[in-house]
Amino acid sequence: QVQLVESGGGLVQAGGSLRLSCAASGLMLLKYAMSWFRQAPGKQREFVGAISRSGGSTGYADSVKGRFTINRDNAKNTVYLQMNSLKPEDTAVYYCAATLTLSSGQYYSTPSPYKYWGPGTQVSVSS
């Protein structure tokens with residue numbers, strides 16, 4: 001049974017940092033591109049960033065570029081989202097997602113290709 005479990009969310013002041021983790025079980029993470037999405041109350045789920053299964057390619061939403069960084073440790077079956085310079089508008093539930101890809105350098109920035117999802121972790125940024 002495949003499971004993705006996010007952790008590391010919480011309440012932080014604007015300008016602060018958090019590191020989210022996504023621990024995978026039931027699959028070999030090195031075969032999967034991984035992504036982070038977020039959803040704020042009353043808004044659609046939006047892309048935050050993604051990393052290819054090789055780790056060689058990453059992509060970010062313009063709103064987080066330069067502040068957030070994704071990396072992965074395939075040996076630990078874990079993906080991380082380092083979030084710096086947090087803003088109140090970053091407040092949302094953050095989800096990790098996994099999908100198989102044909103190319104080792106490929107990832108997707110839309111939700112539909114992702115087969116597996118975690119339950120999410122709440123990130124709240126106060127002003």
# chains A, B, ... in the order shown; residues from 1 in each chain; ligands from 1
call {"tool": "closest_atom_pairs", "arguments": {"of": "range 16-90 of chain A", "to": "range 94-107 of chain A", "cutoff": "10 Å", "atoms": "only C-alpha atoms", "output": "CSV"}}
result
residue,atom,partner,partner_atom,distance
A:Leu20,CA,A:Tyr94,CA,8.6
A:Ser21,CA,A:Cys96,CA,8.7
A:Cys22,CA,A:Cys96,CA,6.4
A:Ala23,CA,A:Cys96,CA,9.3
A:Ala24,CA,A:Ala98,CA,9.1
A:Leu27,CA,A:Ala98,CA,9.8
A:Leu29,CA,A:Ala98,CA,8.3
A:Leu30,CA,A:Ser104,CA,9.3
A:Lys31,CA,A:Leu100,CA,6.2
A:Tyr32,CA,A:Leu100,CA,4.6
A:Ala33,CA,A:Thr99,CA,5.4
A:Met34,CA,A:Ala98,CA,4.7
A:Ser35,CA,A:Ala97,CA,5.2
A:Trp36,CA,A:Cys96,CA,4.5
A:Phe37,CA,A:Tyr95,CA,5.2
A:Arg38,CA,A:Tyr94,CA,4.3
A:Gln39,CA,A:Tyr94,CA,6.6
A:Ala40,CA,A:Tyr94,CA,8.9
A:Arg45,CA,A:Tyr94,CA,9.2
A:Glu46,CA,A:Tyr94,CA,9.6
A:Phe47,CA,A:Tyr95,CA,9.7
A:Val48,CA,A:Tyr94,CA,8.8
A:Gly49,CA,A:Tyr107,CA,9.6
A:Ala50,CA,A:Tyr107,CA,6.4
A:Ile51,CA,A:Tyr107,CA,6.3
A:Ser52,CA,A:Gly105,CA,5.1
A:Arg53,CA,A:Ser104,CA,5.5
A:Ser54,CA,A:Ser104,CA,5.3
A:Gly55,CA,A:Gly105,CA,7.5
A:Gly56,CA,A:Gly105,CA,6.3
A:Ser57,CA,A:Gly105,CA,5.6
A:Thr58,CA,A:Tyr107,CA,7.9
A:Gly59,CA,A:Tyr107,CA,8.2
A:Val79,CA,A:Cys96,CA,8.5
A:Tyr80,CA,A:Cys96,CA,9.3
A:Leu81,CA,A:Cys96,CA,9.4
A:Asp90,CA,A:Tyr94,CA,9.6
call {"tool": "write_last_selection", "arguments": {"atoms": "N, CA, C and O atoms", "output": "compact mmCIF listing (two decimals), in the first residue's frame"}}
result
# COMPACT_ATOMS: atom_id res chain seq x y z
N LEU A 20 9.32 21.29 5.17
CA LEU A 20 8.36 20.20 5.10
C LEU A 20 9.04 18.94 4.61
O LEU A 20 9.95 19.00 3.78
N SER A 21 8.58 17.81 5.11
CA SER A 21 9.06 16.51 4.66
C SER A 21 7.89 15.71 4.12
O SER A 21 6.76 15.85 4.59
N CYS A 22 8.18 14.87 3.15
CA CYS A 22 7.18 13.95 2.61
C CYS A 22 7.83 12.57 2.59
O CYS A 22 8.73 12.31 1.79
N ALA A 23 7.38 11.72 3.49
CA ALA A 23 7.93 10.38 3.61
C ALA A 23 7.05 9.41 2.83
O ALA A 23 5.82 9.38 3.03
N ALA A 24 7.68 8.64 1.96
CA ALA A 24 6.93 7.69 1.12
C ALA A 24 7.18 6.27 1.58
O ALA A 24 8.29 5.92 2.00
N LEU A 27 6.49 2.31 -2.11
CA LEU A 27 6.97 2.55 -3.45
C LEU A 27 8.45 2.91 -3.39
O LEU A 27 8.97 3.30 -2.35
N LEU A 29 10.85 5.51 -4.28
CA LEU A 29 10.73 6.91 -4.62
C LEU A 29 11.58 7.30 -5.83
O LEU A 29 11.22 8.21 -6.57
N LEU A 30 12.67 6.58 -6.06
CA LEU A 30 13.56 6.95 -7.15
C LEU A 30 12.91 6.77 -8.53
O LEU A 30 13.44 7.24 -9.52
N LYS A 31 11.78 6.11 -8.57
CA LYS A 31 11.06 5.93 -9.84
C LYS A 31 10.04 7.04 -10.10
O LYS A 31 9.41 7.07 -11.16
N TYR A 32 9.86 7.93 -9.13
CA TYR A 32 8.77 8.89 -9.18
C TYR A 32 9.25 10.34 -9.19
O TYR A 32 10.13 10.72 -8.41
N ALA A 33 8.64 11.15 -10.06
CA ALA A 33 8.75 12.58 -9.93
C ALA A 33 7.85 13.00 -8.76
O ALA A 33 6.78 12.42 -8.56
N MET A 34 8.29 14.00 -8.03
CA MET A 34 7.56 14.44 -6.84
C MET A 34 7.23 15.91 -6.96
O MET A 34 8.00 16.70 -7.53
N SER A 35 6.11 16.26 -6.36
CA SER A 35 5.69 17.65 -6.43
C SER A 35 5.06 18.08 -5.13
O SER A 35 4.60 17.25 -4.35
N TRP A 36 5.05 19.37 -4.90
CA TRP A 36 4.33 19.99 -3.80
C TRP A 36 3.26 20.91 -4.39
O TRP A 36 3.54 21.70 -5.29
N PHE A 37 2.07 20.78 -3.84
CA PHE A 37 0.96 21.67 -4.16
C PHE A 37 0.46 22.26 -2.85
O PHE A 37 0.77 21.76 -1.76
N ARG A 38 -0.32 23.31 -2.96
CA ARG A 38 -0.93 23.89 -1.76
C ARG A 38 -2.34 24.36 -2.08
O ARG A 38 -2.66 24.66 -3.22
N GLN A 39 -3.13 24.43 -1.01
CA GLN A 39 -4.50 24.90 -1.18
C GLN A 39 -4.88 25.75 0.02
O GLN A 39 -4.86 25.27 1.16
N ALA A 40 -5.21 26.99 -0.26
CA ALA A 40 -5.68 27.91 0.77
C ALA A 40 -7.20 27.86 0.82
O ALA A 40 -7.85 27.48 -0.17
N ARG A 45 -6.42 24.26 -5.61
CA ARG A 45 -5.09 23.73 -5.36
C ARG A 45 -4.13 24.29 -6.39
O ARG A 45 -4.43 24.30 -7.58
N GLU A 46 -2.96 24.73 -5.94
CA GLU A 46 -2.00 25.32 -6.86
C GLU A 46 -0.63 24.68 -6.73
O GLU A 46 -0.24 24.21 -5.66
N PHE A 47 0.07 24.69 -7.84
CA PHE A 47 1.41 24.13 -7.91
C PHE A 47 2.38 25.00 -7.13
O PHE A 47 2.33 26.24 -7.22
N VAL A 48 3.26 24.34 -6.38
CA VAL A 48 4.31 25.04 -5.64
C VAL A 48 5.66 24.76 -6.29
O VAL A 48 6.41 25.67 -6.64
N GLY A 49 5.98 23.48 -6.44
CA GLY A 49 7.25 23.11 -7.03
C GLY A 49 7.31 21.61 -7.27
O GLY A 49 6.50 20.86 -6.74
N ALA A 50 8.27 21.19 -8.08
CA ALA A 50 8.41 19.78 -8.42
C ALA A 50 9.87 19.43 -8.64
O ALA A 50 10.70 20.30 -8.93
N ILE A 51 10.15 18.14 -8.53
CA ILE A 51 11.51 17.65 -8.76
C ILE A 51 11.41 16.34 -9.53
O ILE A 51 10.56 15.49 -9.25
N SER A 52 12.26 16.19 -10.52
CA SER A 52 12.26 14.97 -11.32
C SER A 52 12.76 13.79 -10.50
O SER A 52 13.37 13.97 -9.44
N ARG A 53 12.55 12.60 -11.03
CA ARG A 53 12.95 11.42 -10.26
C ARG A 53 14.46 11.33 -10.12
O ARG A 53 14.96 10.75 -9.17
N SER A 54 15.18 11.90 -11.05
CA SER A 54 16.64 11.92 -10.94
C SER A 54 17.13 12.99 -9.97
O SER A 54 18.27 12.95 -9.53
N GLY A 55 16.26 13.96 -9.69
CA GLY A 55 16.67 15.10 -8.89
C GLY A 55 17.38 16.18 -9.69
O GLY A 55 17.69 17.24 -9.15
N GLY A 56 17.59 15.94 -10.96
CA GLY A 56 18.34 16.87 -11.78
C GLY A 56 17.55 18.04 -12.30
O GLY A 56 18.12 19.04 -12.75
N SER A 57 16.22 17.93 -12.26
CA SER A 57 15.37 19.01 -12.75
C SER A 57 14.39 19.42 -11.67
O SER A 57 13.80 18.55 -11.02
N THR A 58 14.26 20.72 -11.50
CA THR A 58 13.28 21.25 -10.56
C THR A 58 12.54 22.40 -11.22
O THR A 58 13.05 23.03 -12.15
N GLY A 59 11.35 22.65 -10.72
CA GLY A 59 10.56 23.77 -11.22
C GLY A 59 9.74 24.35 -10.09
O GLY A 59 9.36 23.63 -9.16
N VAL A 79 11.13 13.37 0.38
CA VAL A 79 11.28 14.62 -0.36
C VAL A 79 11.06 15.78 0.60
O VAL A 79 10.24 15.67 1.52
N TYR A 80 11.78 16.85 0.37
CA TYR A 80 11.72 17.99 1.28
C TYR A 80 11.33 19.26 0.53
O TYR A 80 11.62 19.42 -0.66
N LEU A 81 10.69 20.16 1.25
CA LEU A 81 10.40 21.49 0.74
C LEU A 81 10.90 22.48 1.77
O LEU A 81 10.31 22.62 2.85
N ASP A 90 1.47 32.63 1.92
CA ASP A 90 1.90 31.24 1.80
C ASP A 90 1.07 30.31 2.69
O ASP A 90 1.22 29.09 2.63
call {"tool": "atom_distance", "arguments": {"atom1": "CA of Gly9 in chain A", "atom2": "CA of Met28 in chain A"}}
result
24.4 Å
call {"tool": "residues_around", "arguments": {"residues": "Gln82 in chain A", "least_positions_apart": "3", "cutoff": "8 Å", "atoms": "only C-alpha atoms", "output": "ChimeraX atom specification"}}
result
/A:17-20,68-70
call {"tool": "residues_around", "arguments": {"residues": "Glu89 in chain A", "least_positions_apart": "2", "cutoff": "8 Å", "atoms": "only C-alpha atoms", "output": "compact mmCIF listing (two decimals) with N, CA and C atoms, in the first residue's frame"}}
result
# COMPACT_ATOMS: atom_id res chain seq x y z
N LYS A 87 5.66 34.30 3.73
CA LYS A 87 4.74 35.42 3.70
C LYS A 87 3.36 34.94 4.14
N THR A 91 0.20 30.89 3.49
CA THR A 91 -0.66 30.10 4.36
C THR A 91 -1.57 29.19 3.55
N VAL A 125 1.22 31.35 8.28
CA VAL A 125 2.22 32.40 8.42
C VAL A 125 1.50 33.65 8.92
call {"tool": "atom_distance", "arguments": {"atom1": "CA of Leu11 in chain A", "atom2": "CA of Met83 in chain A"}}
result
12.7 Å
call {"tool": "atom_distance", "arguments": {"atom1": "CA of Asn71 in chain A", "atom2": "CA of Gly42 in chain A"}}
result
29.0 Å
call {"tool": "select_by_dssp", "arguments": {"residues": "range 52-87 of chain A", "states": "strand (DSSP E)", "output": "number ranges by chain"}}
result
A: 58-60, 68-73, 78-83
call {"tool": "write_last_selection", "arguments": {"atoms": "N, CA, C and O atoms", "output": "mmCIF file, in the first residue's frame"}}
result
data_model
loop_
_atom_site.group_PDB
_atom_site.id
_atom_site.type_symbol
_atom_site.label_atom_id
_atom_site.label_comp_id
_atom_site.auth_asym_id
_atom_site.auth_seq_id
_atom_site.Cartn_x
_atom_site.Cartn_y
_atom_site.Cartn_z
ATOM 1 N N THR A 58 14.259 20.718 -11.496
ATOM 2 C CA THR A 58 13.277 21.245 -10.555
ATOM 3 C C THR A 58 12.536 22.400 -11.216
ATOM 4 O O THR A 58 13.046 23.033 -12.149
ATOM 5 N N GLY A 59 11.349 22.649 -10.721
ATOM 6 C CA GLY A 59 10.560 23.768 -11.215
ATOM 7 C C GLY A 59 9.735 24.352 -10.087
ATOM 8 O O GLY A 59 9.358 23.627 -9.161
ATOM 9 N N TYR A 60 9.479 25.652 -10.170
ATOM 10 C CA TYR A 60 8.771 26.327 -9.087
ATOM 11 C C TYR A 60 7.744 27.303 -9.653
ATOM 12 O O TYR A 60 7.917 27.859 -10.741
ATOM 13 N N PHE A 68 11.655 29.106 -2.029
ATOM 14 C CA PHE A 68 11.430 27.693 -1.714
ATOM 15 C C PHE A 68 12.400 26.828 -2.517
ATOM 16 O O PHE A 68 12.738 27.142 -3.664
ATOM 17 N N THR A 69 12.796 25.714 -1.913
ATOM 18 C CA THR A 69 13.690 24.772 -2.578
ATOM 19 C C THR A 69 13.219 23.343 -2.307
ATOM 20 O O THR A 69 12.914 22.993 -1.161
ATOM 21 N N ILE A 70 13.162 22.560 -3.370
ATOM 22 C CA ILE A 70 12.816 21.144 -3.240
ATOM 23 C C ILE A 70 14.070 20.321 -3.396
ATOM 24 O O ILE A 70 14.887 20.572 -4.292
ATOM 25 N N ASN A 71 14.218 19.327 -2.539
ATOM 26 C CA ASN A 71 15.244 18.319 -2.768
ATOM 27 C C ASN A 71 14.723 16.972 -2.307
ATOM 28 O O ASN A 71 13.662 16.878 -1.688
ATOM 29 N N ARG A 72 15.462 15.953 -2.657
ATOM 30 C CA ARG A 72 15.007 14.608 -2.354
ATOM 31 C C ARG A 72 16.161 13.743 -1.903
ATOM 32 O O ARG A 72 17.303 13.953 -2.306
ATOM 33 N N ASP A 73 15.830 12.778 -1.058
ATOM 34 C CA ASP A 73 16.794 11.783 -0.597
ATOM 35 C C ASP A 73 16.168 10.434 -0.917
ATOM 36 O O ASP A 73 15.365 9.911 -0.144
ATOM 37 N N THR A 78 12.369 10.086 0.885
ATOM 38 C CA THR A 78 11.799 11.319 1.420
ATOM 39 C C THR A 78 12.106 12.495 0.501
ATOM 40 O O THR A 78 13.198 12.582 -0.060
ATOM 41 N N VAL A 79 11.130 13.373 0.384
ATOM 42 C CA VAL A 79 11.283 14.617 -0.356
ATOM 43 C C VAL A 79 11.058 15.776 0.604
ATOM 44 O O VAL A 79 10.238 15.671 1.524
ATOM 45 N N TYR A 80 11.779 16.846 0.372
ATOM 46 C CA TYR A 80 11.722 17.991 1.282
ATOM 47 C C TYR A 80 11.328 19.263 0.531
ATOM 48 O O TYR A 80 11.615 19.415 -0.656
ATOM 49 N N LEU A 81 10.691 20.155 1.251
ATOM 50 C CA LEU A 81 10.402 21.491 0.738
ATOM 51 C C LEU A 81 10.896 22.485 1.775
ATOM 52 O O LEU A 81 10.307 22.622 2.849
ATOM 53 N N GLN A 82 12.008 23.144 1.460
ATOM 54 C CA GLN A 82 12.550 24.183 2.329
ATOM 55 C C GLN A 82 11.900 25.502 1.960
ATOM 56 O O GLN A 82 11.984 25.936 0.811
ATOM 57 N N MET A 83 11.261 26.117 2.930
ATOM 58 C CA MET A 83 10.531 27.361 2.690
ATOM 59 C C MET A 83 11.151 28.471 3.521
ATOM 60 O O MET A 83 11.133 28.396 4.756
#
call {"tool": "residues_around", "arguments": {"residues": "Pro119 in chain A", "least_positions_apart": "4", "cutoff": "8 Å", "atoms": "only C-alpha atoms", "output": "list of chain:residue names"}}
result
A:Leu4, A:Val5, A:Glu6, A:Tyr95
call {"tool": "write_last_selection", "arguments": {"atoms": "all heavy atoms", "output": "compact mmCIF listing (two decimals), in the first residue's frame"}}
result
# COMPACT_ATOMS: atom_id res chain seq x y z
N LEU A 4 1.97 8.44 1.28
CA LEU A 4 2.79 9.64 1.38
C LEU A 4 2.32 10.39 2.62
O LEU A 4 1.12 10.60 2.79
CB LEU A 4 2.62 10.53 0.15
CG LEU A 4 2.95 9.94 -1.21
CD1 LEU A 4 2.68 10.95 -2.31
CD2 LEU A 4 4.38 9.46 -1.28
N VAL A 5 3.25 10.77 3.47
CA VAL A 5 2.89 11.47 4.69
C VAL A 5 3.74 12.73 4.83
O VAL A 5 4.97 12.64 4.92
CB VAL A 5 3.07 10.58 5.93
CG1 VAL A 5 2.69 11.36 7.19
CG2 VAL A 5 2.22 9.32 5.81
N GLU A 6 3.07 13.87 4.85
CA GLU A 6 3.77 15.14 5.03
C GLU A 6 3.93 15.45 6.52
O GLU A 6 3.10 15.06 7.34
CB GLU A 6 2.99 16.30 4.37
CG GLU A 6 2.68 16.13 2.91
CD GLU A 6 1.33 15.49 2.65
OE1 GLU A 6 0.79 14.85 3.59
OE2 GLU A 6 0.81 15.63 1.53
N TYR A 95 0.50 19.80 0.17
CA TYR A 95 0.41 18.39 -0.19
C TYR A 95 1.61 17.97 -1.02
O TYR A 95 2.04 18.72 -1.91
CB TYR A 95 -0.85 18.14 -1.03
CG TYR A 95 -2.14 18.52 -0.38
CD1 TYR A 95 -2.67 19.81 -0.52
CD2 TYR A 95 -2.87 17.60 0.37
CE1 TYR A 95 -3.87 20.16 0.07
CE2 TYR A 95 -4.08 17.94 0.95
CZ TYR A 95 -4.57 19.23 0.80
OH TYR A 95 -5.76 19.57 1.39
call {"tool": "residues_around", "arguments": {"residues": "Leu86 in chain A", "least_positions_apart": "2", "cutoff": "6 Å", "atoms": "only C-alpha atoms", "output": "PyMOL selection string"}}
result
chain A and resi 14-16+84
call {"tool": "write_last_selection", "arguments": {"atoms": "C-alpha atoms", "output": "PDB file, in the first residue's frame"}}
result
ATOM      1  CA  ALA A  14       6.385  36.310   8.348  1.00  0.00           C
ATOM      2  CA  GLY A  15      10.006  36.137   7.277  1.00  0.00           C
ATOM      3  CA  GLY A  16      10.523  32.822   9.008  1.00  0.00           C
ATOM      4  CA  ASN A  84      12.315  30.613   3.513  1.00  0.00           C
TER       5      ASN A  84
END
